[in-house]
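Enquirer: If you scroll down you'll find the structure; I have some questions about it.
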Amino acid sequence: MTNAPRPVPLKLNDADIVRIIRKPADERTGAEVLRLIRFYGYSEPGLDQLVAAETKHRKSAPLSSDTTIMARAVSEARNRQETRVHIRGSFLNKGDAVEPGTPSILPPLVTRNAQADRLDLAQWIVADDNPLTSRVIVNRVWQQYFGRGLVATDDDFGTQGERPSHPELLDWLATRFRQDNWSLKKLHKLIVMSATYRQSSHSRPELLQHDPYNTLLARQNCLRVEAEIVRDLALSVSGLLNPKIGGPSVRPPQPADFAALGFQGNVKWSVSEGRDRYRRGLYTFFQRTVPYPMLVDFDVADSNTSCTKRERSTSPLQALTLWNDPVFVECAQALGRRIVTESPSSETTDRLRFALRLTMSREAQPAELKTLVEYVEKQTNRFQSDFVTAKLLAGDGELPGHTTDTELAVWVSVARLLINLDEFITRE
Amino acid sequence: MSFFEHARRDFLATTAGGIGALALGSMLHADGLLEDTSRPLNPLAPRQPHFPARAKRCIFIFLAGAPSQIDLLDPKPELVRRDGQMLPESISAGVRLAFTNAKTARLKGSPRRFTRHGECGTEFSDRLPHIATCADDIAVVRSMHTDEFNHHPAQLMMNSGVGRLGRPSVGAWVTYGLGSISQELPGYVVLSAGSGSSGGTSNWTSGFLPSTYRGISFRNQGEPLLNLQNPAGVSRDDQRDSLAAIRELNRQRLELTNDSGISERIAAYELAFRMQAVAPELIDLSNETQQTLDAYGVARAEPENQRYRGYTGNAHAAFGRNCLLARRLVERGVRFVNLYHASWDHHDGLDKDLKYNSSVVDQPVAALLKDLKQRGLLKDTLVVFTGEFGRTPLADTHEGKGQQPGRDHHPYAFSLWMAGGGVKGGQVVGRTDEIGWAPVEDAVHINDFHATLLHLFGLDHLRLSKRFGGFDIRLTNVGGSVVEKLIA
């Protein structure tokens, strides 16, 4: 039972152990055997630490979703209410009485009892002979990757909707999705590994002639990323991003008088402290009456209504946000420092190459290097003659070694420029 | 921008002369809107209405909290005579009010004195002496009614046509339909004075429309627009250099990818740069005459007694300034301006608080009307003056609290007025019963009011729609008919 060199000393309160030891081995119950193992186990030198570590580790295990997620459930009412059509949507203007049912062009609803209930509907939604559900889902995922679904009217597969551009593909994806046990992960992987997805998004004049909307997908589409991701990108290239997953929503900085426009001037936007300032955009608290302005500028979905497709507008206010919003200025300052400290060499062109790889994930083009070198020269001249301004733009943080405020200010300017390029917020 | 709109512009921006523009119209999924195929890169570029417009701009004055029509715009001598009596059972049966019990509350006549004004002889209460001098330009609608009797839903109803969150506001619909005349300022601007409204920015949201069409909050002092100022250490010249480099690098990318989204981005940066110059000039009132400043009352002091509902210590000056800024905004081609003032929710202390609030808004609003008229802007600038609902002819007594009586929320009847922008002034439309409980003549639902407003802008409320969630959604929801009497 133990490798200890000497017998383990028994303490006064170990009477139970003494009793079990005195019992013949074959008469001991399972629980008693376990007790003995535990007893000697804990007595092993050093083992107590391991056991403590094990216990601690077990406690940190995620709780089963069975015990942590609370979901509202419904049950059928004993006495069903009569349901009538509301004429023009008004509950005061009642039309014909109706029974539960599904559209007649789809497979019939199989009911377990005399009248259909919610469980029947749930089973009908995922029934093998119901093609609609999986088609709608794969179409939405497709839309996310191409900017447009195989059925362009993603929220309308009915007679008012558009016909699919590639019906066989839609059907194949939908069937496969179901065969894969409705695994979204497999569906995403399938799409992003396809040749169609991996095409270049660059267009050519003849493609525009033949297929102006790129319905036939001879190329990828350029898509401006969603509001939250605009923020994530800037935080991530600057190294400020706090990648923490989950937890309560956070409140990044915004002007106090702006937040005060909420309900009767009562909204208090207390800015999150520490690393919570740099959380991803999707963790930003959605204040219903005053949503976070940066997100709204980039067409975040109104959280009050269900939304299947984001708008993608381009506006001067977006430009002002990326240029001047303190959050993005802070990102530019951090990115400028990063370029100065992390670039493999301090040569201007090397730093520019490094910065472009960081922000655009590609190698620099000769033409853009030329433009950027000129910009660097101009900025250098400006800041060399104006240290005060240079210090202001370089920001309060510590100066990296061997750097001057002038030098840093130049690279903060470059960083700010890169964050403001169309390509930076575009998925090509 | 929907994908289609995006793609259309993609096509037009990158092919010479918009080849096949005619065929295009039929290929596009009709989103109900005047599909102008020559729509340029800026989504706020002006677009043609459905039919010739009377109004080109709108200043929408919103008195959040809901002012008492009975003490301002809808005189009820019979209510005064029956002061203290009960509501007839024929009315009180089945009525539910927000805070008052309709079966036990007493009728409350207005202590205000109403007099006739202008050639038209429209009656205004003594709380609106300045606005009354514009009577001949004003059409008062006394027969308004709404579906909602709590503030936030009712404010949404008045602003977006339904009492739920998520729909675009009137200003968003109008700028979506017509774009903006100004290319250097947002198309739809919001200015607030007093305490905030219940609805907050949901009152001027673009809902499911692109965020380009939402109302942009302007401050009336300091930095007028969020993120307008360059960060510390960046001068206007630096910003110009930055703009030039951004333009050049974006252009290089455009050449490589042929993605017209880049052309839009380039245009947006040019606009933003111009906006940085124009917006501060907008709120700089140094070139206004002293006479103008005095007329609007931009420097008016607050009364010494400060115990008013929603008192913020600067409403007189701020609202005066906002009215003047509204003129400057429409002068510069901004399509839609919202002026908010709160709060008018006078459940108690009605006499005292109404006096204060009226004194905040009366003089500057009248100055605005006269100024617009004198500059020839009133004929195509619509001015609206409204709250979200009315207030009860019953007293809201808050018994036992030692407060002076007020009035409760009243969705069944309220008054608003409109002027300019093709509205037939000098008239009263609609009539309520003798105690002001409900309309008895020409009832105007909020959907009807919106249909009329859009009509003045040359927009057919049935055709101005946007497909969302499988429906063609419009400002007037499933109702609305144009009130012909209001149109000149």
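We name chains A, B, ... following the order of the structure tokens; residues begin at 1 in each chain, and ligands are numbered from 1 as shown.
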Within 6 Å of chain B, which residues of chain A are there when counting only C-alpha atoms? Please give them as a PDB file with N, CA and C atoms, in the first residue's frame.

Expert:
```pdb
ATOM      1  N   ASP A 155     -33.178  36.447 -46.262  1.00  0.00           N
ATOM      2  CA  ASP A 155     -34.278  36.324 -45.304  1.00  0.00           C
ATOM      3  C   ASP A 155     -35.599  36.039 -46.001  1.00  0.00           C
ATOM      4  N   ASP A 156     -35.541  35.672 -47.259  1.00  0.00           N
ATOM      5  CA  ASP A 156     -36.773  35.372 -47.970  1.00  0.00           C
ATOM      6  C   ASP A 156     -36.526  34.320 -49.042  1.00  0.00           C
ATOM      7  N   HIS A 202      -9.424  40.572 -56.825  1.00  0.00           N
ATOM      8  CA  HIS A 202      -9.157  41.603 -57.826  1.00  0.00           C
ATOM      9  C   HIS A 202     -10.022  41.372 -59.057  1.00  0.00           C
ATOM     10  N   SER A 203     -10.510  42.478 -59.595  1.00  0.00           N
ATOM     11  CA  SER A 203     -11.424  42.370 -60.725  1.00  0.00           C
ATOM     12  C   SER A 203     -10.720  42.764 -62.012  1.00  0.00           C
ATOM     13  N   PRO A 212     -21.488  41.950 -63.835  1.00  0.00           N
ATOM     14  CA  PRO A 212     -21.184  43.143 -63.029  1.00  0.00           C
ATOM     15  C   PRO A 212     -21.309  42.901 -61.525  1.00  0.00           C
ATOM     16  N   TYR A 213     -22.216  42.024 -61.103  1.00  0.00           N
ATOM     17  CA  TYR A 213     -22.395  41.803 -59.665  1.00  0.00           C
ATOM     18  C   TYR A 213     -21.592  40.622 -59.160  1.00  0.00           C
ATOM     19  N   LEU A 261     -26.845  61.395 -23.565  1.00  0.00           N
ATOM     20  CA  LEU A 261     -28.046  61.575 -24.375  1.00  0.00           C
ATOM     21  C   LEU A 261     -29.052  60.443 -24.169  1.00  0.00           C
ATOM     22  N   GLY A 262     -28.663  59.425 -23.439  1.00  0.00           N
ATOM     23  CA  GLY A 262     -29.574  58.307 -23.194  1.00  0.00           C
ATOM     24  C   GLY A 262     -30.721  58.696 -22.300  1.00  0.00           C
ATOM     25  N   PHE A 263     -31.444  57.728 -21.855  1.00  0.00           N
ATOM     26  CA  PHE A 263     -32.698  57.933 -21.159  1.00  0.00           C
ATOM     27  C   PHE A 263     -32.654  59.065 -20.123  1.00  0.00           C
ATOM     28  N   GLN A 264     -33.360  60.135 -20.397  1.00  0.00           N
ATOM     29  CA  GLN A 264     -33.486  61.288 -19.505  1.00  0.00           C
ATOM     30  C   GLN A 264     -32.155  61.741 -18.916  1.00  0.00           C
ATOM     31  N   GLY A 265     -31.112  61.631 -19.722  1.00  0.00           N
ATOM     32  CA  GLY A 265     -29.798  62.067 -19.263  1.00  0.00           C
ATOM     33  C   GLY A 265     -29.256  61.215 -18.125  1.00  0.00           C
ATOM     34  N   THR A 289     -30.351  52.957 -25.612  1.00  0.00           N
ATOM     35  CA  THR A 289     -30.721  54.290 -26.085  1.00  0.00           C
ATOM     36  C   THR A 289     -29.535  55.090 -26.631  1.00  0.00           C
ATOM     37  N   VAL A 290     -28.316  54.707 -26.295  1.00  0.00           N
ATOM     38  CA  VAL A 290     -27.126  55.356 -26.879  1.00  0.00           C
ATOM     39  C   VAL A 290     -26.057  54.320 -27.201  1.00  0.00           C
ATOM     40  N   ASP A 299     -22.070  50.560 -38.994  1.00  0.00           N
ATOM     41  CA  ASP A 299     -23.247  49.725 -39.264  1.00  0.00           C
ATOM     42  C   ASP A 299     -23.388  48.508 -38.364  1.00  0.00           C
ATOM     43  N   ASN A 304     -31.953  45.666 -31.163  1.00  0.00           N
ATOM     44  CA  ASN A 304     -33.368  45.559 -30.810  1.00  0.00           C
ATOM     45  C   ASN A 304     -34.175  44.739 -31.808  1.00  0.00           C
ATOM     46  N   THR A 305     -33.595  44.491 -32.968  1.00  0.00           N
ATOM     47  CA  THR A 305     -34.327  43.698 -33.958  1.00  0.00           C
ATOM     48  C   THR A 305     -33.409  42.582 -34.440  1.00  0.00           C
ATOM     49  N   GLU A 311     -25.616  45.905 -42.907  1.00  0.00           N
ATOM     50  CA  GLU A 311     -25.410  46.916 -43.936  1.00  0.00           C
ATOM     51  C   GLU A 311     -23.916  47.202 -44.032  1.00  0.00           C
ATOM     52  N   ARG A 312     -23.475  47.729 -45.175  1.00  0.00           N
ATOM     53  CA  ARG A 312     -22.060  48.121 -45.310  1.00  0.00           C
ATOM     54  C   ARG A 312     -22.016  49.497 -45.944  1.00  0.00           C
ATOM     55  N   SER A 313     -22.059  50.525 -45.119  1.00  0.00           N
ATOM     56  CA  SER A 313     -22.012  51.865 -45.692  1.00  0.00           C
ATOM     57  C   SER A 313     -20.590  52.412 -45.603  1.00  0.00           C
ATOM     58  N   SER A 315     -18.855  56.219 -45.021  1.00  0.00           N
ATOM     59  CA  SER A 315     -19.274  57.583 -44.710  1.00  0.00           C
ATOM     60  C   SER A 315     -18.104  58.408 -44.195  1.00  0.00           C
ATOM     61  N   PRO A 316     -18.230  59.733 -44.307  1.00  0.00           N
ATOM     62  CA  PRO A 316     -17.195  60.618 -43.770  1.00  0.00           C
ATOM     63  C   PRO A 316     -17.010  60.431 -42.261  1.00  0.00           C
ATOM     64  N   ALA A 319     -14.501  57.954 -41.569  1.00  0.00           N
ATOM     65  CA  ALA A 319     -13.161  58.509 -41.753  1.00  0.00           C
ATOM     66  C   ALA A 319     -12.740  59.285 -40.502  1.00  0.00           C
ATOM     67  N   LEU A 320     -13.657  60.111 -39.975  1.00  0.00           N
ATOM     68  CA  LEU A 320     -13.324  60.890 -38.774  1.00  0.00           C
ATOM     69  C   LEU A 320     -13.022  59.972 -37.584  1.00  0.00           C
ATOM     70  N   THR A 321     -13.753  58.861 -37.505  1.00  0.00           N
ATOM     71  CA  THR A 321     -13.523  57.923 -36.408  1.00  0.00           C
ATOM     72  C   THR A 321     -12.119  57.331 -36.484  1.00  0.00           C
ATOM     73  N   ASN A 324      -9.500  60.240 -35.917  1.00  0.00           N
ATOM     74  CA  ASN A 324      -9.434  61.080 -34.711  1.00  0.00           C
ATOM     75  C   ASN A 324     -10.000  60.493 -33.427  1.00  0.00           C
ATOM     76  N   ASP A 325     -10.759  59.414 -33.504  1.00  0.00           N
ATOM     77  CA  ASP A 325     -11.295  58.823 -32.280  1.00  0.00           C
ATOM     78  C   ASP A 325     -10.113  58.471 -31.362  1.00  0.00           C
ATOM     79  N   THR A 389       5.216  69.614 -30.918  1.00  0.00           N
ATOM     80  CA  THR A 389       4.178  68.879 -31.624  1.00  0.00           C
ATOM     81  C   THR A 389       4.527  67.392 -31.687  1.00  0.00           C
ATOM     82  N   LEU A 392       3.674  65.723 -28.571  1.00  0.00           N
ATOM     83  CA  LEU A 392       2.221  65.542 -28.415  1.00  0.00           C
ATOM     84  C   LEU A 392       1.739  64.305 -29.171  1.00  0.00           C
ATOM     85  N   LEU A 393       2.194  64.165 -30.403  1.00  0.00           N
ATOM     86  CA  LEU A 393       1.708  63.048 -31.212  1.00  0.00           C
ATOM     87  C   LEU A 393       2.321  61.731 -30.748  1.00  0.00           C
TER      88      LEU A 393
END
```

Enquirer: Skip Ile70 in chain B itself and residues of its chain fewer than 2 positions away, then list as a list in words all residues within 9 Å of it, counting only C-alpha atoms.

Expert: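 Within the cut-off, the hits are Pro67, Ser68, Leu72, Leu73, Asp74, Pro75, Lys76, Gly109, Ser110, Arg112, Gly390, Arg391, Thr392, Pro393, Phe414, Ser415 and Gly436 of chain B.
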
Enquirer: Would you mind telling me which residue in A:Gln220, A:Gln287, A:Thr67, A:Thr348 lies nearest to Ala260 in chain A when using only C-alpha atoms?

Expert: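 Checking each candidate against Ala260 in chain A, we get A:Gln287 as the closest.
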
Enquirer: Leaving out range 101-116 of chain A and any residue of its chain fewer than 2 positions from it, which residues lie within 9 Å of it when counting only C-alpha atoms, given as a PyMOL selection string?

Expert: chain A and resi 98-99+118-121+123-124+129-132

Enquirer: Store the residues picked out above, limited to C-alpha atoms, as a short mmCIF file (atom, residue, chain, number, x, y, z; two decimals), in the first residue's frame.

Expert:
```cif
data_model
loop_
_atom_site.label_atom_id
_atom_site.label_comp_id
_atom_site.auth_asym_id
_atom_site.auth_seq_id
_atom_site.Cartn_x
_atom_site.Cartn_y
_atom_site.Cartn_z
CA VAL A 98 -56.39 29.49 -37.52
CA GLU A 99 -54.87 26.16 -36.48
CA ARG A 118 -44.26 23.02 -30.46
CA LEU A 119 -42.37 19.75 -30.34
CA ASP A 120 -44.00 18.70 -33.61
CA LEU A 121 -42.87 21.97 -35.13
CA GLN A 123 -39.12 18.08 -35.29
CA TRP A 124 -40.56 19.31 -38.56
CA ASP A 129 -37.45 15.67 -45.83
CA ASN A 130 -37.53 19.39 -44.97
CA PRO A 131 -34.89 21.04 -47.18
CA LEU A 132 -35.53 24.62 -46.11
#
```

Enquirer: Please, which residues of range 43-174 of chain A, numbered as in this document, come out helix (DSSP H, G or I) from DSSP, as number ranges by chain?

Expert: A: 43, 47-59, 65-68, 87-89, 118-125, 132-146, 167-174

Enquirer: Please produce a file of those selected residues containing C-alpha atoms, as an mmCIF file, in the first residue's frame.

Expert:
```cif
data_model
loop_
_atom_site.group_PDB
_atom_site.id
_atom_site.type_symbol
_atom_site.label_atom_id
_atom_site.label_comp_id
_atom_site.auth_asym_id
_atom_site.auth_seq_id
_atom_site.Cartn_x
_atom_site.Cartn_y
_atom_site.Cartn_z
ATOM 1 C CA SER A 43 0.525 9.961 3.901
ATOM 2 C CA LEU A 47 1.695 13.456 -2.489
ATOM 3 C CA ASP A 48 -0.401 15.955 -0.556
ATOM 4 C CA GLN A 49 0.888 18.665 -2.873
ATOM 5 C CA LEU A 50 -0.049 16.655 -5.913
ATOM 6 C CA VAL A 51 -3.473 15.956 -4.490
ATOM 7 C CA ALA A 52 -3.965 19.627 -3.725
ATOM 8 C CA ALA A 53 -2.934 20.478 -7.266
ATOM 9 C CA GLU A 54 -5.338 17.894 -8.632
ATOM 10 C CA THR A 55 -8.190 19.196 -6.534
ATOM 11 C CA LYS A 56 -7.496 22.731 -7.639
ATOM 12 C CA HIS A 57 -7.343 21.676 -11.264
ATOM 13 C CA ARG A 58 -10.639 19.822 -10.973
ATOM 14 C CA LYS A 59 -12.264 22.925 -9.528
ATOM 15 C CA SER A 65 -23.609 23.318 -19.579
ATOM 16 C CA ASP A 66 -26.379 21.226 -18.031
ATOM 17 C CA THR A 67 -25.831 22.980 -14.743
ATOM 18 C CA THR A 68 -24.807 26.462 -15.855
ATOM 19 C CA ILE A 87 -55.670 42.030 -39.922
ATOM 20 C CA ARG A 88 -52.882 44.365 -40.979
ATOM 21 C CA GLY A 89 -50.979 43.365 -37.880
ATOM 22 C CA ARG A 118 -44.265 23.020 -30.463
ATOM 23 C CA LEU A 119 -42.374 19.748 -30.343
ATOM 24 C CA ASP A 120 -44.001 18.698 -33.606
ATOM 25 C CA LEU A 121 -42.867 21.970 -35.128
ATOM 26 C CA ALA A 122 -39.330 21.567 -33.789
ATOM 27 C CA GLN A 123 -39.118 18.083 -35.290
ATOM 28 C CA TRP A 124 -40.561 19.310 -38.560
ATOM 29 C CA ILE A 125 -37.938 22.072 -38.768
ATOM 30 C CA LEU A 132 -35.530 24.620 -46.110
ATOM 31 C CA THR A 133 -33.767 24.856 -42.758
ATOM 32 C CA SER A 134 -30.353 23.629 -43.836
ATOM 33 C CA ARG A 135 -30.512 25.671 -47.056
ATOM 34 C CA VAL A 136 -31.197 28.840 -45.114
ATOM 35 C CA ILE A 137 -28.357 28.152 -42.705
ATOM 36 C CA VAL A 138 -25.718 27.311 -45.310
ATOM 37 C CA ASN A 139 -26.814 30.319 -47.331
ATOM 38 C CA ARG A 140 -26.189 32.627 -44.371
ATOM 39 C CA VAL A 141 -22.750 31.176 -43.784
ATOM 40 C CA TRP A 142 -21.955 31.494 -47.485
ATOM 41 C CA GLN A 143 -23.147 35.092 -47.399
ATOM 42 C CA GLN A 144 -20.715 35.822 -44.608
ATOM 43 C CA TYR A 145 -17.807 34.728 -46.777
ATOM 44 C CA PHE A 146 -18.856 36.184 -50.114
ATOM 45 C CA PRO A 167 -29.142 25.794 -56.980
ATOM 46 C CA GLU A 168 -27.162 22.544 -57.114
ATOM 47 C CA LEU A 169 -24.393 23.948 -54.979
ATOM 48 C CA LEU A 170 -26.877 25.225 -52.423
ATOM 49 C CA ASP A 171 -28.539 21.838 -52.275
ATOM 50 C CA TRP A 172 -25.228 19.978 -52.047
ATOM 51 C CA LEU A 173 -24.010 22.171 -49.216
ATOM 52 C CA ALA A 174 -27.340 21.833 -47.415
#
```

Enquirer: What's around Thr349 in chain A at 10 Å? Count only C-alpha atoms, leave out sequence neighbours fewer than 2 positions away in its own chain, and write the answer as number ranges by chain.

Expert: A: 345-347, 351-355, 364, 369-370, 372-373, 376

Enquirer: Just write the chosen residues, C-alpha atoms, as a PDB file, in the first residue's frame.

Expert:
```
ATOM      1  CA  SER A 345      16.198  47.129 -39.054  1.00  0.00           C
ATOM      2  CA  SER A 346      15.826  50.847 -38.541  1.00  0.00           C
ATOM      3  CA  GLU A 347      16.102  51.638 -42.253  1.00  0.00           C
ATOM      4  CA  ARG A 351      10.330  49.662 -41.230  1.00  0.00           C
ATOM      5  CA  LEU A 352       7.739  50.363 -43.915  1.00  0.00           C
ATOM      6  CA  ARG A 353       7.914  46.780 -45.174  1.00  0.00           C
ATOM      7  CA  PHE A 354       7.497  45.550 -41.611  1.00  0.00           C
ATOM      8  CA  ALA A 355       4.554  47.897 -41.000  1.00  0.00           C
ATOM      9  CA  ALA A 364       5.010  46.102 -49.872  1.00  0.00           C
ATOM     10  CA  LEU A 369       6.872  52.347 -50.759  1.00  0.00           C
ATOM     11  CA  LYS A 370       7.706  55.404 -52.811  1.00  0.00           C
ATOM     12  CA  LEU A 372       5.277  56.256 -48.000  1.00  0.00           C
ATOM     13  CA  VAL A 373       8.971  57.166 -48.097  1.00  0.00           C
ATOM     14  CA  VAL A 376       8.094  59.835 -43.956  1.00  0.00           C
TER      15      VAL A 376
END
```

Enquirer: Have a look at CA of Cys134 in chain B and CA of Val361 in chain B and let me know their distance in Å, one decimal.

Expert: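 Interatomic distance here is 14.1 Å.
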
Enquirer: Please identify the strand (DSSP E or B) residues within range 20-240 of chain A (assignment by DSSP from backbone atoms) and present them as an MDAnalysis selection string.

Expert: chainID A and resid 83:86 94:98 223:224

Enquirer: Any chance you could export the current selection's C-alpha atoms as a PDB file, in the first residue's frame?

Expert:
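Wrote out.pdb, looks like this:
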```pdb
ATOM      1  CA  THR A  83     -55.724  32.119 -32.474  1.00  0.00           C
ATOM      2  CA  ARG A  84     -56.935  34.533 -35.089  1.00  0.00           C
ATOM      3  CA  VAL A  85     -55.270  36.365 -37.931  1.00  0.00           C
ATOM      4  CA  HIS A  86     -54.556  39.977 -36.973  1.00  0.00           C
ATOM      5  CA  LYS A  94     -59.263  40.024 -35.747  1.00  0.00           C
ATOM      6  CA  GLY A  95     -59.747  37.856 -38.825  1.00  0.00           C
ATOM      7  CA  ASP A  96     -60.256  34.122 -39.320  1.00  0.00           C
ATOM      8  CA  ALA A  97     -59.424  31.615 -36.611  1.00  0.00           C
ATOM      9  CA  VAL A  98     -56.391  29.489 -37.525  1.00  0.00           C
ATOM     10  CA  LEU A 223     -15.821  43.270 -48.174  1.00  0.00           C
ATOM     11  CA  ARG A 224     -15.431  45.969 -45.573  1.00  0.00           C
TER      12      ARG A 224
END
```
